[in-house]
Amino acid sequence: NNNNNNSSGGVSLGEIGVFSMTNNSNKRGRKLKSSKPIADFFPNTTVMFANISGFTAWSSEREPVQVFCLLETLFVEFDKLTSLHNVFKVETIGDCYVAVTGLPEPSQDHAVRLTKFAADCILVMHSTCQKLEAQLGPGTADLSLRVGLHSGSVTAGVLRGQKLRFQLFGDTVNTASRMEMYSKDNCIQCSQSTADLLLAANKKTWLTSRDDPIPIKGKGNLQTYWLRPTRKLPSIDNPRSSFMLRAGSISNKGSMLTMDDSGSSLVAATRHKSQTNAKDWGNTSVDCFVAGTKKEAHLVDWNVQILLESLEKVVVRRQALEQAEGGPPERIRSTTTTTTT
């Protein structure tokens with residue numbers, strides 16, 4: 001809106017990249033504070049709320065450093081995806097990640113892009129928590145993402161004060177929050193307005209109508225839809241089921257959603273196999289099958305991973321001693337001589 005830009009002293013909404021990082025001593029910060037409010041109306045957007053399911057119980061049993069390790073690691077990965085999908089990150093509220101498409105630059109495919117982004121966030125959430133379980137303890141891999149999407153108009157702008165903050169306002173934001181609240185673990189729920197945009201974009205196969213309408217304050221019961229833009233996500237009927245993940249990770253070259261869904265896959269199940277470094281230890285493997293509960297399987301896998309990491313440290317220390325002494329430690333040489341004799 002050129003009128004808004006001119007009335008704000010030449011500072012436009014689209015020119016501001018890191019609102020919360022501008023401090024009082026910054027020249028840009030002084031200009032913003034002395035100008036008129038920076039705000040605009042965006043008629044066509046899609047808003048996403050993504051919340052970590054199980055986070056409250058998990059964090060109550062962890063040290064503060066562990067809690068922030070999880071959040072920082074996850075949100076950094078989500079931030080990388082925003083660049084990949086051209087998504088605007090609004091803010092994080094506790095363990096909730098808020099993002100939007102359709103602003104500051106308008107776009108016709110805002111619903112499609114945010115759906116793909118949400119699906120990639122679920123996949124990254126799963127793989128990241130699997131990797132962090134050895135460091136943060138059992139139960140970390142059980143955490144999941146619950147996502148809600150809604151499309152409509154929003155008012156967006158910068159709230160000034162001691163710290164500048166970019167904010168979204170309007171019924172679209174509130175409804176998107178409700179979509180997340182009534183969603184399921186590892187699932188994306190969207191409103192009728194988002195579904196209509198996806199249908200118009202020939203994405204009918206992504207949509208599954210929810211059987212039970214959800215109650216929204218002030219709106220009554222609303223018909224919503226489950227979104228599954230890739231077979232890599234768990235089924236809607238069993239959202240806690242195993243993920244189908246191709247070997248590899250998301251890169252700047254493309255999204256997980258652009259990868260071929262067919263072919264071999266890695267199935268995250270209770271049967272876990274870890275192959276150690278054959279060069280250091282010989283051809284050693286740990287093949288552990290747990291017929292008990294999923295929680296017991298994660299606990300066993302976690303202990304196996306801790307053991308393997310400890311053994312790796314022992315090997316590294318042994319190699320360092322050998323290099324320092326010019327050969328195997330005396331104890332090992334003696335044992336070898338005795339055995340040979």
# chains A, B, ... in the order shown; residues from 1 in each chain; ligands from 1
call {"tool": "residues_around", "arguments": {"residues": "Asp196 (chain A)", "least_positions_apart": "2", "cutoff": "12 Å", "atoms": "only C-alpha atoms", "output": "list in words"}}
result
Ala111, Val112, His150, Ser151, Gly152, Cys190, Ser191, Gln192, Ser193, Thr194, Leu198, Leu199, Ala200, Ala201, Asn202, Lys203, Lys204, Trp206, Leu207, Gln223, Thr224 and Tyr225 of chain A
call {"tool": "closest_residue", "arguments": {"among": "A:Thr73, A:Thr101, A:Ser153, A:Asn51", "to": "Asp171 (chain A)", "atoms": "only C-alpha atoms"}}
result
A:Ser153
call {"tool": "residues_around", "arguments": {"residues": "region 55-61 of chain A", "least_positions_apart": "4", "cutoff": "12 Å", "atoms": "only C-alpha atoms", "output": "PDB file with C-alpha atoms, in the first residue's frame"}}
result
ATOM      1  CA  ASN A  51       2.258 -26.929  18.223  1.00  0.00           C
ATOM      2  CA  VAL A  65      19.163 -26.453  28.835  1.00  0.00           C
ATOM      3  CA  GLN A  66      17.615 -29.593  27.362  1.00  0.00           C
ATOM      4  CA  VAL A  67      14.303 -27.837  26.748  1.00  0.00           C
ATOM      5  CA  PHE A  68      15.972 -25.006  24.879  1.00  0.00           C
ATOM      6  CA  CYS A  69      18.179 -27.441  22.976  1.00  0.00           C
ATOM      7  CA  LEU A  70      15.055 -29.100  21.582  1.00  0.00           C
ATOM      8  CA  LEU A  71      13.260 -25.855  20.726  1.00  0.00           C
ATOM      9  CA  GLY A  94       6.392 -21.096  23.663  1.00  0.00           C
ATOM     10  CA  ASP A  95       6.455 -24.357  21.713  1.00  0.00           C
ATOM     11  CA  CYS A  96       4.106 -23.017  19.009  1.00  0.00           C
ATOM     12  CA  CYS A 129      13.460 -35.843  17.547  1.00  0.00           C
ATOM     13  CA  GLU A 133      16.634 -38.843  21.762  1.00  0.00           C
ATOM     14  CA  LEU A 136      17.743 -35.601  25.510  1.00  0.00           C
ATOM     15  CA  GLY A 137      16.508 -38.930  26.830  1.00  0.00           C
ATOM     16  CA  PRO A 138      13.681 -41.434  26.250  1.00  0.00           C
ATOM     17  CA  GLY A 139      10.386 -39.962  25.132  1.00  0.00           C
ATOM     18  CA  THR A 140      11.926 -37.325  22.878  1.00  0.00           C
ATOM     19  CA  ALA A 141      11.172 -39.379  19.759  1.00  0.00           C
ATOM     20  CA  ASP A 142       7.529 -39.630  20.861  1.00  0.00           C
ATOM     21  CA  LEU A 143       6.993 -35.869  20.481  1.00  0.00           C
ATOM     22  CA  SER A 144       4.919 -34.883  17.469  1.00  0.00           C
ATOM     23  CA  LEU A 145       3.608 -31.834  15.645  1.00  0.00           C
ATOM     24  CA  ARG A 146      -0.041 -30.779  15.512  1.00  0.00           C
ATOM     25  CA  ASP A 185      -0.679 -35.591  16.304  1.00  0.00           C
TER      26      ASP A 185
END
call {"tool": "atom_distance", "arguments": {"atom1": "CA of Thr45 (chain A)", "atom2": "CA of Val100 (chain A)"}}
result
6.9 Å
call {"tool": "atom_distance", "arguments": {"atom1": "CA of Phe78 (chain A)", "atom2": "CA of Asp40 (chain A)"}}
result
26.0 Å
call {"tool": "select_by_dssp", "arguments": {"residues": "region 186-240 of chain A", "states": "strand (DSSP E or B)", "output": "PyMOL selection string"}}
result
chain A and resi 187-190+207-209+214-216+220-222+225-227
call {"tool": "write_last_selection", "arguments": {"atoms": "N, CA and C atoms", "output": "PDB file, in the first residue's frame"}}
result
ATOM      1  N   CYS A 187      -0.678 -34.524  12.172  1.00  0.00           N
ATOM      2  CA  CYS A 187      -1.705 -34.252  11.173  1.00  0.00           C
ATOM      3  C   CYS A 187      -1.828 -32.750  10.904  1.00  0.00           C
ATOM      4  N   ILE A 188      -2.322 -32.442   9.702  1.00  0.00           N
ATOM      5  CA  ILE A 188      -2.595 -31.061   9.300  1.00  0.00           C
ATOM      6  C   ILE A 188      -4.096 -30.930   9.096  1.00  0.00           C
ATOM      7  N   GLN A 189      -4.720 -30.044   9.852  1.00  0.00           N
ATOM      8  CA  GLN A 189      -6.147 -29.796   9.691  1.00  0.00           C
ATOM      9  C   GLN A 189      -6.343 -28.411   9.078  1.00  0.00           C
ATOM     10  N   CYS A 190      -7.248 -28.308   8.121  1.00  0.00           N
ATOM     11  CA  CYS A 190      -7.494 -27.014   7.504  1.00  0.00           C
ATOM     12  C   CYS A 190      -8.988 -26.721   7.465  1.00  0.00           C
ATOM     13  N   LEU A 207      -6.885 -33.849   0.144  1.00  0.00           N
ATOM     14  CA  LEU A 207      -7.950 -33.548   1.107  1.00  0.00           C
ATOM     15  C   LEU A 207      -8.732 -34.785   1.521  1.00  0.00           C
ATOM     16  N   THR A 208      -9.003 -34.859   2.817  1.00  0.00           N
ATOM     17  CA  THR A 208      -9.911 -35.869   3.362  1.00  0.00           C
ATOM     18  C   THR A 208     -10.857 -35.173   4.324  1.00  0.00           C
ATOM     19  N   SER A 209     -12.143 -35.257   4.049  1.00  0.00           N
ATOM     20  CA  SER A 209     -13.133 -34.584   4.887  1.00  0.00           C
ATOM     21  C   SER A 209     -13.168 -35.194   6.283  1.00  0.00           C
ATOM     22  N   ILE A 214     -16.070 -29.624  13.950  1.00  0.00           N
ATOM     23  CA  ILE A 214     -15.514 -29.131  15.214  1.00  0.00           C
ATOM     24  C   ILE A 214     -16.218 -27.846  15.638  1.00  0.00           C
ATOM     25  N   PRO A 215     -16.424 -27.680  16.941  1.00  0.00           N
ATOM     26  CA  PRO A 215     -17.110 -26.481  17.430  1.00  0.00           C
ATOM     27  C   PRO A 215     -16.151 -25.297  17.548  1.00  0.00           C
ATOM     28  N   ILE A 216     -16.503 -24.183  16.938  1.00  0.00           N
ATOM     29  CA  ILE A 216     -15.702 -22.966  17.011  1.00  0.00           C
ATOM     30  C   ILE A 216     -16.553 -21.871  17.645  1.00  0.00           C
ATOM     31  N   GLY A 220     -20.087 -21.753  15.484  1.00  0.00           N
ATOM     32  CA  GLY A 220     -20.815 -23.017  15.488  1.00  0.00           C
ATOM     33  C   GLY A 220     -19.924 -24.167  15.057  1.00  0.00           C
ATOM     34  N   ASN A 221     -20.514 -25.237  14.552  1.00  0.00           N
ATOM     35  CA  ASN A 221     -19.767 -26.404  14.095  1.00  0.00           C
ATOM     36  C   ASN A 221     -19.280 -26.190  12.665  1.00  0.00           C
ATOM     37  N   LEU A 222     -17.992 -26.386  12.452  1.00  0.00           N
ATOM     38  CA  LEU A 222     -17.396 -26.158  11.136  1.00  0.00           C
ATOM     39  C   LEU A 222     -16.928 -27.472  10.524  1.00  0.00           C
ATOM     40  N   TYR A 225     -10.998 -30.305   7.151  1.00  0.00           N
ATOM     41  CA  TYR A 225     -10.388 -31.334   6.302  1.00  0.00           C
ATOM     42  C   TYR A 225      -8.995 -31.684   6.818  1.00  0.00           C
ATOM     43  N   TRP A 226      -8.634 -32.940   6.601  1.00  0.00           N
ATOM     44  CA  TRP A 226      -7.268 -33.378   6.870  1.00  0.00           C
ATOM     45  C   TRP A 226      -6.465 -33.244   5.587  1.00  0.00           C
ATOM     46  N   LEU A 227      -5.232 -32.791   5.701  1.00  0.00           N
ATOM     47  CA  LEU A 227      -4.357 -32.614   4.551  1.00  0.00           C
ATOM     48  C   LEU A 227      -3.212 -33.614   4.605  1.00  0.00           C
TER      49      LEU A 227
END
call {"tool": "closest_residue", "arguments": {"among": "A:Asp79, A:Asn86, A:Phe49, A:Phe117", "to": "Pro104 (chain A)", "atoms": "only C-alpha atoms"}}
result
A:Asn86
call {"tool": "closest_residue", "arguments": {"among": "A:Ile93, A:Leu311, A:Leu103, A:Leu74", "to": "Cys121 (chain A)", "atoms": "only C-alpha atoms"}}
result
A:Leu74
call {"tool": "atom_distance", "arguments": {"atom1": "CA of Gln135 (chain A)", "atom2": "CA of Leu307 (chain A)"}}
result
12.2 Å
call {"tool": "closest_residue", "arguments": {"among": "A:Leu84, A:Val304, A:Ser35, A:Pro229", "to": "Thr205 (chain A)", "atoms": "only C-alpha atoms"}}
result
A:Pro229
